[in-house]
file final28.cif (mmCIF, C-alpha atoms)
data_final
#
loop_
_atom_site.label_atom_id
_atom_site.label_comp_id
_atom_site.auth_asym_id
_atom_site.auth_seq_id
_atom_site.Cartn_x
_atom_site.Cartn_y
_atom_site.Cartn_z
CA MET J 1 130.05 156.01 224.79
CA PRO J 2 132.85 153.67 223.64
CA GLY J 3 132.25 150.04 224.45
CA PRO J 4 134.79 148.03 226.39
CA GLY J 5 135.77 146.00 223.30
CA THR J 6 136.64 148.83 220.93
CA SER J 7 139.38 150.25 223.09
CA GLN J 8 141.23 146.94 222.84
CA ALA J 9 142.16 146.67 219.09
CA VAL J 10 144.46 143.69 218.54
CA PRO J 11 147.90 144.99 217.50
CA PHE J 12 149.06 144.13 213.96
CA VAL J 13 151.97 141.95 215.14
CA ARG J 14 149.50 139.46 216.53
CA ARG J 15 147.22 139.52 213.49
CA TRP J 16 149.73 138.91 210.69
CA PRO J 17 149.47 135.08 210.77
CA TYR J 18 145.95 135.51 209.37
CA LEU J 19 147.57 136.72 206.12
CA LEU J 20 149.49 133.46 205.76
CA PRO J 21 146.77 131.58 203.81
CA LEU J 22 146.54 134.45 201.34
CA VAL J 23 150.31 134.43 200.84
CA LEU J 24 150.30 130.65 200.37
CA ILE J 25 147.46 130.80 197.83
CA LEU J 26 149.29 133.49 195.86
CA ALA J 27 152.50 131.44 195.89
CA LEU J 28 150.64 128.34 194.71
CA GLY J 29 148.99 130.39 191.96
CA GLY J 30 152.44 131.52 190.90
CA VAL J 31 153.69 127.94 190.63
CA PHE J 32 150.64 126.87 188.61
CA THR J 33 150.95 129.86 186.29
CA LYS J 34 154.59 129.07 185.61
CA ARG J 35 153.67 125.48 184.72
CA LEU J 36 150.93 126.67 182.37
CA VAL J 37 153.28 129.09 180.66
CA ASP J 38 155.95 126.36 180.35
CA VAL J 39 153.54 123.97 178.66
CA GLU J 40 152.42 126.78 176.37
CA ARG J 41 156.06 127.32 175.39
CA GLY J 42 156.52 123.62 174.64
CA LEU J 43 158.30 122.68 177.85
CA ASP J 44 155.90 119.89 178.71
CA PRO J 45 156.88 118.53 182.13
CA SER J 46 155.26 115.18 181.38
CA LEU J 47 157.89 114.48 178.72
CA ILE J 48 160.49 112.21 180.19
CA PRO J 49 163.98 113.63 179.72
CA THR J 50 166.34 111.17 178.13
CA VAL J 51 169.30 110.15 180.20
CA LEU J 52 171.01 108.94 177.05
CA LEU J 53 171.93 112.34 175.63
CA ASN J 54 175.68 112.54 175.04
CA THR J 55 176.16 108.83 175.71
CA PRO J 56 177.17 106.21 173.13
CA LEU J 57 174.30 104.59 171.28
CA PRO J 58 173.38 101.24 172.83
CA ALA J 59 174.60 98.04 171.23
CA PHE J 60 172.06 96.22 169.10
CA ASP J 61 171.97 93.84 166.17
CA LEU J 62 168.57 93.73 164.49
CA PRO J 63 167.46 91.53 161.59
CA PRO J 64 166.40 93.32 158.39
CA LEU J 65 162.87 93.32 157.04
CA PRO J 66 162.58 90.25 154.78
CA GLY J 67 164.03 90.99 151.35
CA ARG J 68 165.17 94.45 152.32
CA GLY J 69 168.90 94.86 152.82
CA GLN J 70 171.23 93.78 155.60
CA ALA J 71 170.92 93.44 159.36
CA MET J 72 171.22 96.68 161.30
CA ASN J 73 174.16 96.64 163.65
CA SER J 74 174.99 99.46 166.07
CA ASP J 75 178.73 99.27 165.36
CA GLU J 76 178.20 99.67 161.62
CA LEU J 77 176.24 102.88 162.21
CA LYS J 78 179.30 104.56 163.66
CA GLY J 79 181.49 106.64 161.38
CA GLU J 80 178.86 109.01 160.05
CA VAL J 81 176.22 111.37 161.36
CA SER J 82 172.83 109.71 161.09
CA LEU J 83 169.27 109.72 162.35
CA ILE J 84 167.74 106.65 163.98
CA ASN J 85 163.96 106.71 163.79
CA VAL J 86 161.79 104.40 165.89
CA TRP J 87 158.47 103.80 164.16
CA GLY J 88 155.75 101.23 163.52
CA SER J 89 153.00 100.68 160.99
CA TRP J 90 150.56 100.83 163.94
CA CYS J 91 151.77 104.29 164.93
CA ILE J 92 149.45 107.14 164.00
CA ALA J 93 151.89 109.92 164.79
CA CYS J 94 154.41 108.26 162.45
CA LEU J 95 152.00 108.99 159.60
CA VAL J 96 152.24 112.67 160.45
CA GLU J 97 156.00 112.52 160.50
CA HIS J 98 156.45 110.42 157.39
CA PRO J 99 156.36 113.17 154.71
CA VAL J 100 159.03 115.09 156.65
CA LEU J 101 161.25 112.01 156.76
CA LEU J 102 160.80 111.53 153.01
CA GLU J 103 161.90 115.11 152.42
CA ILE J 104 164.92 114.74 154.68
CA ALA J 105 165.88 111.57 152.83
CA LYS J 106 165.49 113.37 149.50
CA SER J 107 167.67 116.27 150.63
CA GLY J 108 170.55 113.84 151.16
CA ASP J 109 171.65 115.77 154.26
CA VAL J 110 171.67 112.75 156.52
CA PRO J 111 170.85 109.04 156.25
CA ILE J 112 167.82 107.90 158.26
CA HIS J 113 167.88 104.43 159.73
CA GLY J 114 164.67 102.87 160.94
CA ILE J 115 163.84 100.63 163.85
CA ALA J 116 160.59 98.82 163.06
CA TRP J 117 159.31 98.61 166.61
CA ARG J 118 156.84 95.91 167.73
CA ASP J 119 155.60 95.45 164.23
CA ASP J 120 154.73 92.64 161.89
CA PRO J 121 157.42 92.71 159.14
CA ASP J 122 154.86 92.31 156.37
CA ARG J 123 152.90 95.27 157.66
CA SER J 124 156.08 97.34 157.92
CA LEU J 125 156.91 96.53 154.31
CA ALA J 126 153.36 97.21 153.11
CA TRP J 127 153.35 100.54 154.94
CA LEU J 128 156.60 101.58 153.23
CA ALA J 129 155.44 100.34 149.82
CA GLU J 130 152.33 102.45 150.10
CA ARG J 131 153.82 105.65 151.50
CA GLY J 132 157.42 105.68 150.35
CA ASP J 133 160.59 104.50 152.03
CA PRO J 134 162.89 107.15 153.54
CA TYR J 135 165.14 104.66 155.33
CA ALA J 136 168.69 103.59 154.61
CA LYS J 137 168.77 100.56 156.88
CA ILE J 138 165.85 99.09 158.78
CA GLY J 139 166.09 96.67 161.69
CA GLN J 140 163.20 94.73 163.15
CA ASP J 141 162.65 95.08 166.88
CA PRO J 142 159.61 92.92 167.66
CA ARG J 143 160.46 92.42 171.36
CA SER J 144 161.57 96.00 172.13
CA LYS J 145 165.17 94.99 172.79
CA ALA J 146 166.59 98.01 171.02
CA ALA J 147 163.65 100.24 171.94
CA ILE J 148 164.19 99.67 175.66
CA ALA J 149 167.93 100.12 175.21
CA PHE J 150 167.13 103.52 173.65
CA GLY J 151 164.70 104.34 176.47
CA VAL J 152 161.85 104.64 173.97
CA VAL J 153 158.42 105.38 175.39
CA LEU J 154 156.16 106.08 172.43
CA ALA J 155 156.80 106.09 168.69
CA PRO J 156 157.94 108.02 166.87
CA GLU J 157 161.18 108.84 168.57
CA THR J 158 164.28 109.90 166.72
CA PHE J 159 167.92 109.97 167.79
CA LEU J 160 170.69 111.92 166.12
CA ILE J 161 174.09 110.30 166.48
CA ASP J 162 177.46 111.80 165.61
CA LYS J 163 180.42 110.20 163.86
CA GLN J 164 181.59 108.56 167.08
CA GLY J 165 178.16 107.08 167.64
CA ILE J 166 177.29 109.44 170.50
CA ILE J 167 173.61 110.42 170.85
CA ARG J 168 173.46 114.20 170.39
CA TYR J 169 169.74 114.87 170.13
CA LYS J 170 166.50 113.14 170.79
CA GLN J 171 163.13 114.00 169.35
CA THR J 172 160.09 112.68 171.16
CA GLY J 173 157.09 112.63 168.86
CA PRO J 174 156.95 113.50 165.16
CA ILE J 175 159.65 115.67 163.63
CA THR J 176 157.99 118.72 162.10
CA GLN J 177 159.35 120.84 159.25
CA GLU J 178 160.19 123.46 161.83
CA ASP J 179 162.05 121.01 164.10
CA TRP J 180 164.10 119.94 161.10
CA ARG J 181 164.86 123.47 159.95
CA THR J 182 165.53 125.11 163.29
CA LYS J 183 167.00 122.33 165.43
CA ILE J 184 168.06 119.16 163.68
CA LYS J 185 169.58 120.41 160.43
CA PRO J 186 171.79 123.05 162.07
CA LEU J 187 172.97 120.46 164.58
CA ILE J 188 173.81 118.01 161.80
CA GLU J 189 175.85 120.65 159.97
CA GLN J 190 177.72 121.34 163.16
CA LEU J 191 178.37 117.64 163.82
CA LYS J 192 179.57 117.02 160.27
CA LYS J 193 182.46 119.47 160.67
CA MET N 1 123.15 82.63 189.57
CA LYS N 2 121.34 85.84 188.78
CA PRO N 3 122.86 88.02 186.09
CA LEU N 4 123.63 90.77 188.59
CA SER N 5 125.58 88.55 190.94
CA LEU N 6 127.38 87.10 187.95
CA LEU N 7 128.38 90.59 186.90
CA LEU N 8 129.53 91.41 190.40
CA ALA N 9 131.56 88.22 190.56
CA ALA N 10 133.15 89.08 187.22
CA LEU N 11 134.02 92.51 188.58
CA PHE N 12 135.86 91.02 191.55
CA VAL N 13 137.77 88.55 189.43
CA SER N 14 138.84 91.27 186.98
CA GLY N 15 140.16 93.32 189.88
CA LEU N 16 142.48 90.49 190.80
CA ALA N 17 143.79 89.99 187.30
CA VAL N 18 147.39 90.88 186.54
CA ALA N 19 148.95 91.56 183.19
CA VAL N 20 151.52 88.81 183.37
CA GLU N 21 150.66 86.17 180.81
CA PRO N 22 151.19 82.50 181.58
CA ARG N 23 153.67 82.02 178.75
CA GLU N 24 155.82 84.87 180.08
CA MET N 25 156.27 83.13 183.42
CA LEU N 26 159.49 81.40 184.37
CA LYS N 27 159.50 77.73 185.30
CA ASP N 28 161.63 78.34 188.38
CA PRO N 29 159.17 79.62 191.03
CA ALA N 30 161.89 81.44 192.98
CA LEU N 31 163.04 83.37 189.88
CA GLU N 32 159.44 84.06 188.90
CA ALA N 33 158.77 85.45 192.38
CA ARG N 34 161.78 87.74 192.02
CA ALA N 35 160.59 88.79 188.58
CA ARG N 36 157.18 89.70 190.01
CA ALA N 37 158.77 91.66 192.86
CA ILE N 38 161.02 93.59 190.47
CA SER N 39 158.13 94.24 188.06
CA LYS N 40 156.15 95.83 190.89
CA GLU N 41 158.92 98.37 191.39
CA LEU N 42 159.20 99.41 187.76
CA ARG N 43 156.98 101.99 186.13
CA CYS N 44 155.26 101.34 182.84
CA VAL N 45 156.83 104.25 180.95
CA GLN N 46 153.85 104.55 178.64
CA CYS N 47 151.11 104.55 181.26
CA GLN N 48 153.09 106.39 183.95
CA ASN N 49 151.11 105.39 187.04
CA GLU N 50 151.03 101.64 186.60
CA THR N 51 153.71 99.11 187.35
CA ILE N 52 154.87 96.94 184.47
CA ASP N 53 153.42 94.05 186.47
CA GLU N 54 149.91 95.50 186.13
CA SER N 55 150.09 97.12 182.74
CA GLY N 56 148.73 95.63 179.56
CA ALA N 57 150.81 97.96 177.36
CA GLY N 58 153.12 96.30 174.85
CA ILE N 59 156.23 98.01 176.13
CA ALA N 60 155.40 96.90 179.69
CA ARG N 61 155.11 93.34 178.48
CA ASP N 62 158.49 93.55 176.75
CA MET N 63 160.03 95.04 179.89
CA ARG N 64 158.64 92.15 181.95
CA VAL N 65 160.13 89.66 179.52
CA LEU N 66 163.47 91.50 179.61
CA VAL N 67 163.47 91.38 183.43
CA ARG N 68 162.95 87.61 183.26
CA GLU N 69 165.63 87.11 180.63
CA ARG N 70 168.11 88.98 182.76
CA LEU N 71 167.19 86.96 185.83
CA GLN N 72 167.79 83.79 183.89
CA VAL N 73 171.30 84.81 182.92
CA GLY N 74 172.02 85.50 186.58
CA ASP N 75 171.58 89.26 187.01
CA SER N 76 170.92 90.49 190.53
CA ASN N 77 167.84 92.63 191.28
CA ASP N 78 170.05 95.69 191.62
CA GLN N 79 171.68 95.05 188.25
CA ILE N 80 168.27 94.92 186.62
CA PHE N 81 167.15 98.14 188.30
CA ALA N 82 170.43 99.77 187.33
CA TYR N 83 169.94 98.77 183.69
CA MET N 84 166.40 100.15 183.55
CA VAL N 85 167.48 103.39 185.25
CA SER N 86 170.37 103.72 182.79
CA ARG N 87 167.83 103.59 179.93
CA TYR N 88 164.88 105.54 181.32
CA GLY N 89 166.29 107.52 184.23
CA ASP N 90 165.19 107.40 187.85
CA TYR N 91 161.69 108.00 186.62
CA VAL N 92 161.31 104.30 185.83
CA ARG N 93 161.52 103.37 189.51
CA LEU N 94 158.17 103.68 191.21
CA ARG N 95 159.77 104.08 194.61
CA PRO N 96 161.97 107.16 194.34
CA ARG N 97 165.50 106.75 195.58
CA PHE N 98 166.81 108.89 198.42
CA MET N 99 168.90 111.60 196.76
CA ASN N 100 169.22 115.36 196.48
CA SER N 101 166.36 115.86 194.05
CA THR N 102 163.99 113.69 196.11
CA LEU N 103 165.02 115.07 199.50
CA ALA N 104 161.91 117.24 199.80
CA LEU N 105 159.77 114.25 198.91
CA TRP N 106 161.22 112.03 201.60
CA ILE N 107 161.79 114.58 204.39
CA GLY N 108 159.07 117.13 203.59
CA PRO N 109 156.20 115.40 205.41
CA PHE N 110 158.27 115.04 208.58
CA VAL N 111 159.32 118.68 208.46
CA ILE N 112 155.68 119.73 208.10
CA LEU N 113 154.69 117.42 210.95
CA LEU N 114 157.41 118.94 213.13
CA LEU N 115 156.30 122.50 212.33
CA GLY N 116 152.68 121.58 213.06
CA GLY N 117 153.78 120.03 216.35
CA LEU N 118 155.64 123.18 217.32
CA VAL N 119 152.57 125.32 216.61
CA VAL N 120 150.35 123.01 218.67
CA ALA N 121 152.87 122.92 221.52
CA ARG N 122 153.01 126.71 221.60
CA ARG N 123 149.23 126.94 221.61
CA LEU N 124 148.92 124.47 224.47
CA ARG N 125 151.51 126.31 226.56
CA LYS N 126 149.76 129.61 225.98
CA GLY N 127 146.47 128.11 227.17
CA ASP N 128 148.03 127.52 230.61
CA ASP N 129 148.96 131.17 230.99
CA VAL N 130 147.13 133.15 233.64
CA PRO N 131 145.37 136.05 231.92
CA ASP N 132 146.84 139.51 232.44
CA PRO N 133 145.44 141.27 235.53
CA LEU N 134 142.81 143.92 234.83
CA THR N 135 143.95 147.50 234.29
CA PRO N 136 142.50 150.19 236.62
CA GLU N 137 140.17 151.33 233.78
CA GLU N 138 138.86 147.81 233.31
CA ARG N 139 138.31 147.50 237.05
CA ALA N 140 136.30 150.73 236.92
CA ILE N 141 134.16 149.35 234.08
CA VAL N 142 133.53 146.12 235.96
CA ALA N 143 132.71 148.07 239.10
CA SER N 144 130.24 150.31 237.23
CA LEU N 145 128.55 147.24 235.71
CA THR N 146 128.27 145.33 238.97
CA GLU N 147 127.35 148.35 241.15
CA HIS N 148 123.68 147.64 241.06
CA GLY N 149 123.86 143.94 240.28
CA GLU N 150 125.22 140.89 242.00
CA LYS N 151 128.59 141.16 243.69
CA THR N 152 131.72 139.91 241.95
CA PRO N 153 133.65 137.25 243.80
#

call {"tool": "encode", "arguments": {"input": "final28.cif", "output": "structure tokens"}}
result
Amino acid sequence: MPGPGTSQAVPFVRRWPYLLPLVLILALGGVFTKRLVDVERGLDPSLIPTVLLNTPLPAFDLPPLPGRGQAMNSDELKGEVSLINVWGSWCIACLVEHPVLLEIAKSGDVPIHGIAWRDDPDRSLAWLAERGDPYAKIGQDPRSKAAIAFGVVLAPETFLIDKQGIIRYKQTGPITQEDWRTKIKPLIEQLKK
Amino acid sequence: MKPLSLLLAALFVSGLAVAVEPREMLKDPALEARARAISKELRCVQCQNETIDESGAGIARDMRVLVRERLQVGDSNDQIFAYMVSRYGDYVRLRPRFMNSTLALWIGPFVILLLGGLVVARRLRKGDDVPDPLTPEERAIVASLTEHGEKTP
């Protein structure tokens, strides 16, 4: 004998809200998965995008390392395609990048200028003496004046500027052989035209 | 004092410490107060969830000094914020500005509150409803159950 309850099945239209949590969980899972895949593909969302791309390089006038060339002035950097590399003798990741910079300097494709960021000039010089010096000009930036103007967060950071002094590319973190080959070098060739 | 209470006292004092060093401070107390207020609105770009006022990072220190230098040459608070935003993007402001990309952030909670309110309101109204009258079959079932028992009102 059928009980009184069984004859009264709740129609589907009234039950569908119970599926809502499941739908929400699946949607959330989708968002998380996309983020994971992005990071895997190198699109790290924690990297701060630079607002300076395609804007003129900021004005700065930095003193040279003692006994090493002239002051580094932003106006004098205009007129040719160049790389501006922010580094420091305290910076571990700069050690990783250094051999690549030496190779780029040797290739003669583009001059690399250095900003010695928050560093003791003697240590900067000792670091270069020990490991080789890939830089054309070097300016000291002990109080982050230029670094803040460039929106630098962590060394090394590298900016590629064109002949008009417009920032065309920014590398956060060490430049790898692959970055140089696949991104930076082709861009330089394009900018040199 | 016992070592434990000493340790506890040290803990409280360290909690109150700020990163601003005495030699960074401006002589003019009004300017210094403005510098502190501005520093509390700017993110330490290296540490991400600290203000430059709290952070011990080198870049935060240099940003604090820059803020003070700009105050001394007569920049307004807005000019200083504008400069930092022009270098680091809106990210550098700890309090997000009201704009298209932050619309969901600012309005979202209120929208969710409104939706929740609507759901609750509907529920409450439903609760007042008089239940549907029994169908003839249901009456029959009730009658068969109460036939030999107590009478229904």

call {"tool": "atom_distance", "arguments": {"input": "final28.cif", "atom1": "CA of Leu52 (chain J)", "atom2": "CA of Pro174 (chain J)"}}
result
19.0 Å

call {"tool": "atom_distance", "arguments": {"input": "final28.cif", "atom1": "CA of Val152 (chain J)", "atom2": "CA of Arg23 (chain N)"}}
result
24.5 Å

call {"tool": "closest_residue", "arguments": {"input": "final28.cif", "among": "J:Leu57, J:Cys91, J:Ala147, J:Leu154", "to": "Lys78 (chain J)", "atoms": "all atoms listed in the file"}}
result
J:Leu57

call {"tool": "interface_residues", "arguments": {"input": "final28.cif", "of": "chain N", "to": "chain J", "cutoff": "6 Å", "atoms": "all atoms listed in the file", "output": "mmCIF file with C-alpha atoms, keeping the file's coordinate frame"}}
result
data_model
loop_
_atom_site.group_PDB
_atom_site.id
_atom_site.type_symbol
_atom_site.label_atom_id
_atom_site.label_comp_id
_atom_site.auth_asym_id
_atom_site.auth_seq_id
_atom_site.Cartn_x
_atom_site.Cartn_y
_atom_site.Cartn_z
ATOM 1 C CA VAL N 45 156.830 104.250 180.950
ATOM 2 C CA GLN N 46 153.850 104.550 178.640
ATOM 3 C CA ASP N 62 158.490 93.550 176.750
ATOM 4 C CA ARG N 87 167.830 103.590 179.930
ATOM 5 C CA TYR N 88 164.880 105.540 181.320
ATOM 6 C CA GLY N 89 166.290 107.520 184.230
#

call {"tool": "resolve_selection", "arguments": {"input": "final28.cif", "expression": "the PyMOL selection byres ((chain J and resi 101) around 9)", "output": "PyMOL selection string"}}
result
chain J and resi 97-100+102-106+112+133-135+175

call {"tool": "resolve_selection", "arguments": {"input": "final28.cif", "expression": "the PyMOL selection byres ((chain J and resi 87-89) around 7)", "output": "list in words"}}
result
Asn85, Val86, Trp90, Cys91, Cys94, Ile115, Ala116, Trp117, Arg118, Asp119, Arg123, Ser124, Trp127, Ala155 and Pro156 of chain J

call {"tool": "resolve_selection", "arguments": {"input": "final28.cif", "expression": "the PyMOL selection byres ((chain J and resi 59) around 9)", "output": "PyMOL selection string"}}
result
chain J and resi 56-58+60-61+73-75+146+149

call {"tool": "atom_distance", "arguments": {"input": "final28.cif", "atom1": "CA of Gln190 (chain J)", "atom2": "CA of Ser82 (chain J)"}}
result
12.8 Å

call {"tool": "residues_near_point", "arguments": {"input": "final28.cif", "point": "(159.8, 80.8, 182.9)", "cutoff": "10 Å", "atoms": "only C-alpha atoms", "output": "number ranges by chain"}}
result
N: 22-29, 31-32, 35, 65, 68-69, 72

call {"tool": "closest_residue", "arguments": {"input": "final28.cif", "among": "J:Ile166, J:Val96, J:Val39, J:Leu22", "to": "Gly79 (chain J)", "atoms": "only C-alpha atoms"}}
result
J:Ile166

call {"tool": "closest_residue", "arguments": {"input": "final28.cif", "among": "J:Thr33, J:Thr158, J:Thr172, J:Gln177", "to": "Ile84 (chain J)", "atoms": "all atoms listed in the file"}}
result
J:Thr158

call {"tool": "closest_residue", "arguments": {"input": "final28.cif", "among": "N:Arg123, N:Arg61, N:Arg70, N:Lys2", "to": "Arg34 (chain N)", "atoms": "all atoms listed in the file"}}
result
N:Arg70

call {"tool": "closest_residue", "arguments": {"input": "final28.cif", "among": "J:Gly29, J:Arg68, J:Thr55, J:Leu20", "to": "Leu125 (chain J)", "atoms": "only C-alpha atoms"}}
result
J:Arg68

call {"tool": "closest_residue", "arguments": {"input": "final28.cif", "among": "N:Leu71, N:Phe81, N:Phe110, N:Leu103", "to": "Ala30 (chain N)", "atoms": "only C-alpha atoms"}}
result
N:Leu71

call {"tool": "decode", "arguments": {"input": "final28.cif", "residues": "region 37-46 of chain N", "atoms": "all heavy atoms", "output": "PDB file, in the first residue's frame"}}
result
ATOM      1  N   ALA N  37      50.729  59.533   6.693  1.00  0.00           N
ATOM      2  CA  ALA N  37      49.408  59.219   6.150  1.00  0.00           C
ATOM      3  C   ALA N  37      49.531  58.687   4.715  1.00  0.00           C
ATOM      4  O   ALA N  37      48.890  57.698   4.349  1.00  0.00           O
ATOM      5  CB  ALA N  37      48.520  60.457   6.193  1.00  0.00           C
ATOM      6  N   ILE N  38      50.384  59.337   3.923  1.00  0.00           N
ATOM      7  CA  ILE N  38      50.574  58.898   2.534  1.00  0.00           C
ATOM      8  C   ILE N  38      51.214  57.506   2.513  1.00  0.00           C
ATOM      9  O   ILE N  38      50.794  56.616   1.769  1.00  0.00           O
ATOM     10  CB  ILE N  38      51.459  59.906   1.765  1.00  0.00           C
ATOM     11  CG1 ILE N  38      50.715  61.232   1.594  1.00  0.00           C
ATOM     12  CG2 ILE N  38      51.855  59.344   0.407  1.00  0.00           C
ATOM     13  CD1 ILE N  38      51.595  62.360   1.090  1.00  0.00           C
ATOM     14  N   SER N  39      52.217  57.312   3.381  1.00  0.00           N
ATOM     15  CA  SER N  39      52.933  56.032   3.403  1.00  0.00           C
ATOM     16  C   SER N  39      52.003  54.871   3.756  1.00  0.00           C
ATOM     17  O   SER N  39      52.236  53.736   3.358  1.00  0.00           O
ATOM     18  CB  SER N  39      54.073  56.073   4.425  1.00  0.00           C
ATOM     19  OG  SER N  39      54.981  57.091   4.089  1.00  0.00           O
ATOM     20  N   LYS N  40      50.956  55.170   4.508  1.00  0.00           N
ATOM     21  CA  LYS N  40      50.022  54.098   4.885  1.00  0.00           C
ATOM     22  C   LYS N  40      49.090  53.726   3.750  1.00  0.00           C
ATOM     23  O   LYS N  40      48.354  52.745   3.840  1.00  0.00           O
ATOM     24  CB  LYS N  40      49.214  54.531   6.111  1.00  0.00           C
ATOM     25  CG  LYS N  40      50.064  54.479   7.377  1.00  0.00           C
ATOM     26  CD  LYS N  40      49.261  54.795   8.618  1.00  0.00           C
ATOM     27  CE  LYS N  40      50.165  54.674   9.830  1.00  0.00           C
ATOM     28  NZ  LYS N  40      50.168  55.844  10.674  1.00  0.00           N
ATOM     29  N   GLU N  41      49.084  54.535   2.692  1.00  0.00           N
ATOM     30  CA  GLU N  41      48.224  54.250   1.548  1.00  0.00           C
ATOM     31  C   GLU N  41      48.996  53.621   0.398  1.00  0.00           C
ATOM     32  O   GLU N  41      48.423  53.299  -0.634  1.00  0.00           O
ATOM     33  CB  GLU N  41      47.602  55.558   1.034  1.00  0.00           C
ATOM     34  CG  GLU N  41      46.722  56.251   2.035  1.00  0.00           C
ATOM     35  CD  GLU N  41      45.281  55.787   1.944  1.00  0.00           C
ATOM     36  OE1 GLU N  41      44.827  55.534   0.825  1.00  0.00           O
ATOM     37  OE2 GLU N  41      44.632  55.667   2.995  1.00  0.00           O
ATOM     38  N   LEU N  42      50.312  53.523   0.552  1.00  0.00           N
ATOM     39  CA  LEU N  42      51.131  53.007  -0.544  1.00  0.00           C
ATOM     40  C   LEU N  42      51.642  51.608  -0.222  1.00  0.00           C
ATOM     41  O   LEU N  42      52.097  51.342   0.894  1.00  0.00           O
ATOM     42  CB  LEU N  42      52.312  53.944  -0.818  1.00  0.00           C
ATOM     43  CG  LEU N  42      51.946  55.285  -1.453  1.00  0.00           C
ATOM     44  CD1 LEU N  42      53.168  56.183  -1.518  1.00  0.00           C
ATOM     45  CD2 LEU N  42      51.362  55.091  -2.845  1.00  0.00           C
ATOM     46  N   ARG N  43      51.574  50.745  -1.224  1.00  0.00           N
ATOM     47  CA  ARG N  43      51.968  49.365  -1.038  1.00  0.00           C
ATOM     48  C   ARG N  43      53.475  49.222  -1.200  1.00  0.00           C
ATOM     49  O   ARG N  43      54.068  49.809  -2.097  1.00  0.00           O
ATOM     50  CB  ARG N  43      51.269  48.506  -2.109  1.00  0.00           C
ATOM     51  CG  ARG N  43      51.447  47.031  -1.968  1.00  0.00           C
ATOM     52  CD  ARG N  43      50.949  46.332  -3.208  1.00  0.00           C
ATOM     53  NE  ARG N  43      49.551  46.621  -3.500  1.00  0.00           N
ATOM     54  CZ  ARG N  43      48.534  45.915  -3.000  1.00  0.00           C
ATOM     55  NH1 ARG N  43      48.754  44.903  -2.219  1.00  0.00           N
ATOM     56  NH2 ARG N  43      47.300  46.225  -3.322  1.00  0.00           N
ATOM     57  N   CYS N  44      54.066  48.419  -0.329  1.00  0.00           N
ATOM     58  CA  CYS N  44      55.457  48.037  -0.554  1.00  0.00           C
ATOM     59  C   CYS N  44      55.448  47.070  -1.728  1.00  0.00           C
ATOM     60  O   CYS N  44      54.887  45.977  -1.625  1.00  0.00           O
ATOM     61  CB  CYS N  44      56.033  47.356   0.679  1.00  0.00           C
ATOM     62  SG  CYS N  44      57.547  46.475   0.309  1.00  0.00           S
ATOM     63  N   VAL N  45      56.037  47.474  -2.858  1.00  0.00           N
ATOM     64  CA  VAL N  45      55.889  46.670  -4.078  1.00  0.00           C
ATOM     65  C   VAL N  45      56.604  45.325  -3.962  1.00  0.00           C
ATOM     66  O   VAL N  45      56.281  44.383  -4.681  1.00  0.00           O
ATOM     67  CB  VAL N  45      56.401  47.428  -5.314  1.00  0.00           C
ATOM     68  CG1 VAL N  45      55.397  48.492  -5.704  1.00  0.00           C
ATOM     69  CG2 VAL N  45      57.759  48.024  -5.077  1.00  0.00           C
ATOM     70  N   GLN N  46      57.564  45.250  -3.054  1.00  0.00           N
ATOM     71  CA  GLN N  46      58.303  44.002  -2.914  1.00  0.00           C
ATOM     72  C   GLN N  46      57.577  43.020  -2.009  1.00  0.00           C
ATOM     73  O   GLN N  46      57.653  41.821  -2.199  1.00  0.00           O
ATOM     74  CB  GLN N  46      59.675  44.312  -2.311  1.00  0.00           C
ATOM     75  CG  GLN N  46      60.790  43.569  -2.974  1.00  0.00           C
ATOM     76  CD  GLN N  46      62.117  44.217  -2.635  1.00  0.00           C
ATOM     77  OE1 GLN N  46      62.523  44.262  -1.483  1.00  0.00           O
ATOM     78  NE2 GLN N  46      62.790  44.729  -3.640  1.00  0.00           N
TER      79      GLN N  46
END
